[in-house]
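Structure file entry-v4.cif; described as mmCIF, C-alpha atoms.
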```cif
data_protein
loop_
_atom_site.label_atom_id
_atom_site.label_comp_id
_atom_site.auth_asym_id
_atom_site.auth_seq_id
_atom_site.Cartn_x
_atom_site.Cartn_y
_atom_site.Cartn_z
CA MET K 4 148.11 140.94 96.72
CA ALA K 5 150.70 139.95 94.23
CA SER K 6 152.92 138.67 97.00
CA THR K 7 150.03 136.71 98.51
CA ASP K 8 149.30 135.07 95.17
CA SER K 9 152.92 134.11 94.68
CA THR K 10 153.09 132.78 98.23
CA SER K 11 149.97 130.73 97.66
CA THR K 12 151.30 129.34 94.38
CA SER K 13 154.64 128.59 95.99
CA ARG K 14 152.99 126.77 98.90
CA HIS K 15 150.79 124.72 96.56
CA GLY K 16 153.81 123.80 94.50
CA ASN K 17 155.43 122.39 97.60
CA ASP K 18 152.57 120.18 98.75
CA ASP K 19 154.71 117.10 98.30
CA VAL K 20 157.48 118.41 100.57
CA TRP K 21 157.37 117.95 104.33
CA VAL K 22 159.94 119.85 106.34
CA VAL K 23 160.88 118.29 109.68
CA VAL K 24 162.34 120.84 112.11
CA THR K 25 163.91 119.50 115.28
CA ALA K 26 164.07 121.90 118.18
CA TYR K 27 165.37 121.74 121.72
CA ASN K 28 165.16 124.93 123.77
CA GLU K 29 164.96 127.02 120.61
CA GLY K 30 162.29 129.42 121.80
CA SER K 31 164.43 132.44 121.02
CA ARG K 32 165.55 131.26 117.57
CA LEU K 33 162.71 129.13 116.19
CA GLU K 34 160.84 132.14 114.84
CA LEU K 35 163.75 132.85 112.47
CA THR K 36 163.33 129.43 110.91
CA LEU K 37 159.55 129.09 110.92
CA ARG K 38 158.57 132.49 109.58
CA PRO K 39 160.17 132.09 106.13
CA LEU K 40 159.53 128.35 106.10
CA CYS K 41 155.78 128.62 106.53
CA LYS K 42 155.55 131.11 103.67
CA SER K 43 156.76 128.53 101.20
CA TYR K 44 155.90 125.15 102.68
CA PRO K 45 152.43 124.11 103.81
CA ASN K 46 153.66 120.94 105.49
CA VAL K 47 156.04 121.66 108.34
CA VAL K 48 156.52 119.45 111.40
CA VAL K 49 158.25 120.86 114.45
CA VAL K 50 159.45 118.21 116.87
CA ASP K 51 159.97 119.79 120.27
CA ASP K 52 162.40 117.44 121.94
CA GLY K 53 161.41 117.98 125.55
CA SER K 54 162.31 121.66 125.69
CA GLY K 55 162.16 123.44 129.01
CA ASP K 56 161.43 126.82 127.40
CA ASN K 57 158.58 128.12 125.23
CA THR K 58 159.63 126.31 122.04
CA ARG K 59 156.26 124.58 121.74
CA GLU K 60 154.29 127.82 122.22
CA ILE K 61 156.41 129.63 119.63
CA ALA K 62 155.89 126.79 117.15
CA LEU K 63 152.13 126.78 117.74
CA ARG K 64 151.91 130.39 116.56
CA HIS K 65 152.64 129.14 113.05
CA SER K 66 150.72 126.86 110.74
CA VAL K 67 152.81 123.82 111.50
CA TRP K 68 152.34 120.45 113.11
CA VAL K 69 153.87 120.37 116.55
CA LEU K 70 154.96 117.08 118.08
CA ARG K 71 156.27 117.19 121.61
CA HIS K 72 158.57 114.66 123.20
CA ILE K 73 157.69 114.74 126.87
CA ILE K 74 161.35 114.11 127.72
CA ASN K 75 164.53 115.00 125.86
CA CYS K 76 165.43 111.99 123.72
CA GLY K 77 168.00 113.52 121.38
CA GLN K 78 168.03 114.94 117.89
CA GLY K 79 168.16 111.55 116.20
CA ALA K 80 165.04 110.42 118.03
CA ALA K 81 163.27 113.70 117.23
CA LEU K 82 164.17 113.39 113.58
CA ARG K 83 162.79 109.88 113.38
CA THR K 84 159.56 110.99 115.08
CA GLY K 85 159.12 113.76 112.51
CA ILE K 86 159.99 111.54 109.55
CA GLU K 87 157.57 108.80 110.63
CA PHE K 88 154.84 111.39 111.12
CA ALA K 89 155.46 112.87 107.68
CA LEU K 90 155.53 109.45 106.03
CA ASP K 91 152.21 108.54 107.66
CA ARG K 92 150.71 111.62 106.05
CA GLY K 93 151.92 110.81 102.59
CA ALA K 94 155.05 112.95 102.29
CA GLN K 95 156.86 112.42 98.99
CA ILE K 96 159.96 114.40 99.94
CA ILE K 97 161.14 114.95 103.50
CA VAL K 98 163.56 117.73 104.37
CA ASN K 99 165.45 117.87 107.67
CA CYS K 100 166.22 121.27 109.06
CA ASP K 101 167.51 122.50 112.42
CA GLY K 102 165.38 124.88 114.42
CA ASP K 103 168.20 127.22 115.42
CA GLY K 104 168.29 129.28 112.25
CA GLN K 105 171.65 127.89 111.08
CA HIS K 106 170.12 126.61 107.87
CA CYS K 107 168.95 128.88 105.11
CA VAL K 108 165.41 127.78 104.31
CA ASP K 109 165.54 129.50 100.92
CA GLU K 110 167.92 126.75 99.87
CA ILE K 111 165.39 123.96 100.37
CA GLU K 112 164.26 124.43 96.79
CA GLN K 113 167.72 123.59 95.43
CA LEU K 114 168.11 120.79 97.98
CA VAL K 115 164.99 118.98 96.78
CA ALA K 116 165.56 119.71 93.08
CA PRO K 117 167.67 116.56 92.36
CA ILE K 118 165.06 114.42 94.11
CA ARG K 119 162.19 115.99 92.20
CA ALA K 120 164.12 115.41 88.99
CA GLY K 121 164.42 111.74 89.94
CA GLN K 122 168.20 111.88 89.84
CA VAL K 123 168.82 110.74 93.43
CA GLU K 124 166.97 109.45 96.49
CA VAL K 125 168.88 111.49 99.05
CA ALA K 126 170.25 115.03 98.80
CA LEU K 127 172.80 115.98 101.45
CA GLY K 128 173.59 119.58 102.20
CA SER K 129 177.29 120.45 102.22
CA ARG K 130 178.61 123.60 103.82
CA PHE K 131 182.03 122.94 102.31
CA LEU K 132 180.62 123.04 98.78
CA GLY K 133 178.50 126.03 99.71
CA ARG K 134 179.13 128.76 102.23
CA VAL K 135 179.90 128.89 105.92
CA GLU K 136 179.51 132.03 107.95
CA GLN K 137 181.63 132.55 111.06
CA MET K 138 182.71 128.95 111.63
CA PRO K 139 185.39 128.62 114.34
CA TRP K 140 188.64 127.05 113.13
CA HIS K 141 188.47 124.16 115.62
CA ARG K 142 184.99 123.25 114.34
CA TRP K 143 186.40 123.24 110.80
CA ILE K 144 189.13 120.77 111.86
CA ILE K 145 186.68 118.48 113.67
CA LEU K 146 184.33 118.43 110.68
CA LYS K 147 187.18 117.64 108.30
CA LEU K 148 188.33 114.81 110.57
CA GLY K 149 184.73 113.58 110.51
CA VAL K 150 184.87 113.46 106.72
CA VAL K 151 188.02 111.31 106.81
CA PHE K 152 186.52 109.08 109.49
CA THR K 153 183.33 108.58 107.49
CA ARG K 154 185.25 107.72 104.33
CA VAL K 155 187.22 105.07 106.21
CA PHE K 156 184.44 103.52 108.27
CA SER K 157 181.27 104.14 106.29
CA TRP K 158 182.80 103.99 102.83
CA ILE K 159 180.82 106.96 101.63
CA ASP K 160 182.37 109.86 99.81
CA VAL K 161 180.92 113.11 101.14
CA THR K 162 182.42 116.49 101.93
CA ASP K 163 180.29 117.27 104.98
CA THR K 164 179.33 114.48 107.35
CA HIS K 165 177.45 116.26 110.10
CA ASN K 166 175.19 118.58 108.21
CA GLY K 167 171.60 118.31 109.40
CA PHE K 168 170.26 119.92 106.25
CA ARG K 169 169.24 117.04 103.98
CA ALA K 170 166.34 115.74 101.94
CA PHE K 171 164.98 112.26 101.40
CA ALA K 172 162.71 110.88 98.74
CA ARG K 173 159.84 108.92 100.30
CA SER K 174 161.37 105.60 99.28
CA ALA K 175 164.67 106.51 100.96
CA ALA K 176 163.03 107.79 104.14
CA GLN K 177 161.20 104.48 104.45
CA LYS K 178 164.45 102.54 104.16
CA VAL K 179 166.73 104.59 106.40
CA ARG K 180 166.43 103.43 109.99
CA ILE K 181 167.62 105.94 112.58
CA ARG K 182 168.42 104.07 115.78
CA GLN K 183 170.90 106.50 117.27
CA ASN K 184 168.98 108.89 119.49
CA ARG K 185 171.76 111.40 119.93
CA MET K 186 174.18 113.17 117.63
CA ALA K 187 175.63 110.00 116.11
CA HIS K 188 172.49 109.78 113.95
CA SER K 189 174.21 111.84 111.23
CA SER K 190 176.90 109.21 110.80
CA GLU K 191 174.27 106.50 111.05
CA ILE K 192 172.27 108.05 108.20
CA LEU K 193 175.39 108.01 106.02
CA ASP K 194 175.96 104.39 107.04
CA GLU K 195 172.41 103.56 106.04
CA ILE K 196 172.75 105.33 102.69
CA ALA K 197 175.83 103.23 101.93
CA ARG K 198 174.34 100.01 103.30
CA GLN K 199 171.05 100.36 101.44
CA GLY K 200 172.78 101.45 98.26
CA LEU K 201 170.69 104.63 98.03
CA THR K 202 171.60 107.13 95.33
CA TYR K 203 172.69 110.45 96.75
CA CYS K 204 174.27 113.74 95.87
CA GLU K 205 175.60 116.73 97.75
CA VAL K 206 174.08 120.15 97.34
CA PRO K 207 175.92 123.36 98.30
CA VAL K 208 174.21 125.02 101.26
CA THR K 209 174.87 127.88 103.63
CA ILE K 210 175.41 127.40 107.35
CA ARG K 211 175.31 130.45 109.57
CA TYR K 212 177.13 130.21 112.88
CA THR K 213 176.34 132.85 115.45
CA GLN K 214 177.61 133.32 118.98
CA ASN K 215 174.18 132.19 120.12
CA THR K 216 174.17 128.90 118.22
CA LEU K 217 177.79 128.19 119.08
CA THR K 218 177.12 128.67 122.78
CA LYS K 219 174.10 126.40 122.70
CA GLY K 220 175.39 123.94 120.12
CA GLN K 221 177.46 120.87 120.78
CA SER K 222 181.07 121.18 121.84
CA SER K 223 183.76 120.09 119.42
CA TRP K 224 184.83 117.52 122.00
CA ASN K 225 181.48 115.82 121.50
CA ALA K 226 183.01 114.41 118.33
CA LEU K 227 184.72 111.81 120.48
CA ARG K 228 181.45 110.91 122.12
CA ILE K 229 179.81 110.61 118.71
CA VAL K 230 182.51 108.18 117.58
CA ILE K 231 182.02 106.06 120.71
CA GLN K 232 178.23 106.13 120.32
CA MET K 233 178.58 105.11 116.71
CA PHE K 234 180.80 102.13 117.46
CA LEU K 235 178.65 101.01 120.39
CA GLY K 236 175.57 101.46 118.22
CA ARG K 237 177.09 99.16 115.60
CA LEU K 238 177.82 96.56 118.25
CA MET K 239 174.24 96.76 119.52
CA LYS K 240 172.67 96.23 116.09
CA MET S 16 188.91 78.12 159.01
CA THR S 17 189.58 81.85 159.50
CA THR S 18 186.98 84.41 160.56
CA PHE S 19 186.88 85.85 157.05
CA GLN S 20 186.22 82.41 155.59
CA LEU S 21 183.42 81.84 158.07
CA LEU S 22 181.88 85.25 157.35
CA THR S 23 181.89 84.68 153.58
CA VAL S 24 181.54 80.96 153.02
CA VAL S 25 178.39 80.62 155.13
CA PRO S 26 176.45 83.37 153.25
CA PHE S 27 177.61 81.95 149.91
CA CYS S 28 176.38 78.50 150.94
CA LEU S 29 173.06 79.98 152.03
CA LEU S 30 172.76 81.78 148.68
CA ALA S 31 173.53 78.55 146.87
CA PHE S 32 170.87 76.74 148.92
CA TRP S 33 168.39 79.54 148.15
CA GLU S 34 169.07 79.15 144.42
CA LEU S 35 168.68 75.39 144.67
CA VAL S 36 165.28 75.75 146.33
CA GLY S 37 164.24 78.33 143.74
CA CYS S 38 165.44 76.05 140.99
CA LEU S 39 163.20 73.27 142.20
CA ARG S 40 160.20 75.56 142.73
CA GLN S 41 160.44 77.62 139.52
CA PRO S 42 161.43 75.45 136.57
CA ASP S 43 160.89 78.34 134.08
CA ARG S 44 163.99 80.28 135.25
CA ARG S 45 166.12 77.23 135.95
CA ALA S 46 169.05 78.14 133.67
CA THR S 47 169.66 81.51 135.31
CA ARG S 48 169.39 80.01 138.77
CA ILE S 49 171.83 77.22 137.91
CA VAL S 50 174.40 79.79 136.72
CA ARG S 51 174.02 81.71 139.97
CA LEU S 52 174.13 78.50 142.02
CA VAL S 53 177.41 77.47 140.38
CA THR S 54 178.83 81.00 140.92
CA TRP S 55 178.03 81.03 144.65
CA LEU S 56 179.38 77.51 145.11
CA ALA S 57 182.58 78.34 143.21
CA ALA S 58 183.09 81.44 145.35
CA ALA S 59 182.52 79.44 148.56
CA VAL S 60 184.92 76.67 147.50
CA ALA S 61 187.58 79.17 146.35
CA ILE S 62 187.48 80.99 149.68
CA ALA S 63 187.31 77.85 151.79
CA ASN S 64 190.16 76.19 149.92
CA PRO S 65 192.59 78.74 148.39
CA ALA S 66 194.98 75.97 147.45
CA LEU S 67 192.43 74.75 144.94
CA VAL S 68 192.50 78.13 143.18
CA SER S 69 196.31 78.07 143.11
CA TRP S 70 196.20 74.56 141.64
CA ALA S 71 193.71 75.69 138.97
CA ALA S 72 195.89 78.73 138.18
CA THR S 73 199.01 76.63 137.75
CA ALA S 74 197.08 74.15 135.64
CA ILE S 75 196.23 76.82 133.06
CA GLY S 76 199.61 78.52 133.11
CA ILE S 77 199.03 81.36 135.57
CA ASP S 78 201.56 81.75 138.38
CA ARG S 79 199.31 82.57 141.28
CA GLY S 80 195.74 81.90 142.36
CA ALA S 81 195.26 85.60 143.13
CA ASN S 82 196.09 86.44 139.49
CA LEU S 83 193.53 83.94 138.26
CA VAL S 84 190.89 85.56 140.47
CA LEU S 85 191.90 89.02 139.20
CA TYR S 86 191.74 87.98 135.55
CA LEU S 87 188.36 86.34 136.03
CA PHE S 88 187.12 89.44 137.84
CA VAL S 89 188.21 91.71 134.99
CA ILE S 90 186.68 89.47 132.32
CA VAL S 91 183.38 89.10 134.17
CA THR S 92 183.25 92.86 134.86
CA MET S 93 183.74 93.64 131.17
CA ILE S 94 181.05 91.17 130.15
CA LEU S 95 178.68 92.63 132.74
CA ALA S 96 179.44 96.20 131.64
CA PHE S 97 178.60 95.33 128.05
CA TYR S 98 175.50 93.40 129.13
CA PHE S 99 174.20 96.31 131.20
CA TYR S 100 175.00 98.81 128.47
CA ALA S 101 172.99 96.70 126.03
CA ARG S 102 170.12 96.49 128.51
CA GLN S 103 170.26 100.25 129.09
CA ALA S 104 170.30 100.93 125.35
CA ASP S 105 167.35 98.61 124.86
CA LEU S 106 165.45 100.30 127.68
CA GLN S 107 166.22 103.71 126.19
CA ARG S 108 164.92 102.51 122.85
CA GLN S 109 161.68 101.39 124.46
CA ILE S 110 161.30 104.70 126.28
CA THR S 111 161.91 106.58 123.03
CA GLU S 112 159.24 104.50 121.28
CA LEU S 113 156.84 105.37 124.08
CA VAL S 114 157.70 109.06 123.89
CA ARG S 115 157.34 108.96 120.09
CA HIS S 116 153.94 107.28 120.30
CA GLU S 117 152.78 109.90 122.78
CA ALA S 118 154.13 112.75 120.63
CA VAL S 119 152.39 111.52 117.48
CA SER S 120 149.09 110.78 119.20
CA GLU S 121 149.11 114.24 120.81
CA ALA S 122 150.15 116.09 117.63
CA GLU S 123 148.90 119.66 117.55
CA ARG S 124 148.25 121.90 114.58
CA GLY S 125 149.54 125.40 115.09
CA GLY S 126 147.50 128.49 114.38
CA THR S 127 147.87 130.69 111.34
CA THR S 128 149.63 134.00 111.76
CA SER S 129 149.38 136.77 109.23
CA SER S 130 152.98 136.26 108.21
CA ASP S 131 152.57 132.59 107.45
CA GLN S 132 149.95 132.24 104.78
CA PRO S 133 146.81 133.79 103.41
CA ALA S 134 143.78 133.13 105.62
CA GLU S 135 141.81 131.52 102.79
CA GLN S 136 144.62 129.10 102.10
CA GLU S 137 143.25 125.60 102.21
CA ASP S 138 145.68 123.34 103.98
CA PRO S 139 145.76 119.87 102.47
CA VAL S 140 146.82 118.43 105.79
CA GLU S 141 143.70 119.68 107.47
CA GLN S 142 141.64 117.54 105.14
CA LYS S 143 143.23 114.53 106.72
CA ASP S 144 141.91 115.29 110.16
CA GLY S 145 140.21 111.96 110.08
CA ASP S 146 143.47 110.14 110.39
CA ALA S 147 145.09 112.77 112.56
CA PRO S 148 145.24 111.71 116.16
#
```
Encoded form (structure tokens):
Amino acid sequence: MASTDSTSTSRHGNDDVWVVVTAYNEGSRLELTLRPLCKSYPNVVVVDDGSGDNTREIALRHSVWVLRHIINCGQGAALRTGIEFALDRGAQIIVNCDGDGQHCVDEIEQLVAPIRAGQVEVALGSRFLGRVEQMPWHRWIILKLGVVFTRVFSWIDVTDTHNGFRAFARSAAQKVRIRQNRMAHSSEILDEIARQGLTYCEVPVTIRYTQNTLTKGQSSWNALRIVIQMFLGRLMK
Amino acid sequence: MTTFQLLTVVPFCLLAFWELVGCLRQPDRRATRIVRLVTWLAAAVAIANPALVSWAATAIGIDRGANLVLYLFVIVTMILAFYFYARQADLQRQITELVRHEAVSEAERGGTTSSDQPAEQEDPVEQKDGDAP
């Protein structure tokens, strides 16, 4: 019973936090994320981005909100759907988290801490300040190139540009406009942070790569596509 | 006039005539029709009288009429590619908005498993069922 009481207290203490989990064909991995998440956070939104597997059914086994895109629109679009939903329901802090188990949900507490303390409006997870498990060397190079690219083009000084583990204060989530449907949304969010003059900090986090997530995840060559999408997106604005 | 000129100039003239009629009948889309009318007429004139294209090319510092046509083709193709990309992006944005609206209005609340939370746990979100879709 002691564990139940502590769980209950922990969940109540996190009433202001909404965790948005984006998932596309994550039926086999979603459980790993949702099980610990639901123990600590009463407000979890899973956005099933048009999965062809049982992602939605797996999500519905847990006490979470499940939003389903009837077609695959991309992670950026799914994220915006979840953020808008959370804002409509009065979220004070919104945390983004991938549904493939790469992010360590225990670290949400330290991610939201600077926002709760009123120090910043956005907290960005950084694997390079924290820990990375089993990252391939070519991914390391691509991510480092992304950091240089972002410093040059977005004028924002961060150590990890494509980390989907981040937290927004309500005011920041209302200001940041995600228009990029696909993977370029990460760069767009950094652009928006710089453009809107939002205060931010980086928080060390852990990213776990597995053979499973690497097989399913985006190819390193997609970096080129992201750059093109970003530039075209800027032209379209 | 060569066979090729006959086969191309006549349809271009017919298209131009079609645009002219449409222009007179539908004043609301006049600007677009005028652009198309001018395009068809220019194509017909260029094919019927290649010397005119060569003259125009020389006048603006290009050696040959064929080069002028090629440059114009490349420029117009690039403009059209950008235009269609913008249209496609806009369409995708509208589809995403539609999908998002559908997803939010059909939001489902998952069940409670034993591993998630205590059964007596009162979920603050559930109290907002009134505004939940």
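Taking CA of Leu227 in chain K and CA of Phe97 in chain S as the two end points, the separation is 19.1 Å.
Near chain S, counting all atoms listed in the file at 7 Å, the chain K residues are Thr7, Arg38, Cys41, Lys42, Pro45, Ala62, Leu63, Arg64, His65, Ser66, Val67, Trp68, Val69, Leu70, Arg71, His72, Ile73, Cys76, Thr84, Phe88 and Met239 of chain K.
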Quick one: contact table of range 10-86 of chain K to range 163-172 of chain K, 12 Å max, nearest atom pair and distance in Å to one decimal per residue, counting only C-alpha atoms, chain and number order, as CSV?
```
residue,atom,partner,partner_atom,distance
K:Asp19,CA,K:Ala172,CA,10.1
K:Val20,CA,K:Ala172,CA,9.3
K:Trp21,CA,K:Ala170,CA,9.5
K:Val22,CA,K:Ala170,CA,8.8
K:Val23,CA,K:Ala170,CA,9.8
K:Val24,CA,K:Phe168,CA,9.9
K:Thr25,CA,K:Gly167,CA,9.8
K:Gln78,CA,K:Gly167,CA,9.8
K:Gly79,CA,K:Gly167,CA,10.2
K:Leu82,CA,K:Gly167,CA,9.8
K:Ile86,CA,K:Phe171,CA,9.6
```
Looking at K:Ala81, K:Ala175, K:Val208, K:Val135, which one is nearest to Leu114 in chain K, with distances taken over all atoms listed in the file?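 The shortest atom-to-atom distance to Leu114 in chain K comes from K:Val208.
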Two-atom distance - CA of Phe156 in chain K, CA of Ala126 in chain K (Å):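 It comes out at 20.6 Å.
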Extract, using all atoms listed in the file, all DNA, RNA and protein residues at most 10 Å from Thr162 in chain K, discarding same-chain residues fewer than 5 positions from it, and format them as a PyMOL selection string. chain K and resi 127-132+146-147+149-151+153-154+205
Using Å and a single decimal, report how far CA of Val155 in chain K sits from CA of Trp143 in chain K.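 Value for the CA of Trp143 in chain K-CA of Val155 in chain K distance: 18.8 Å.
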Given all atoms listed in the file as the counted atoms, nearest of S:Phe88, S:Ile94, S:Leu106, S:Ala31 to Ala59 in chain S: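 Among the listed residues, S:Ala31 lies closest to Ala59 in chain S.
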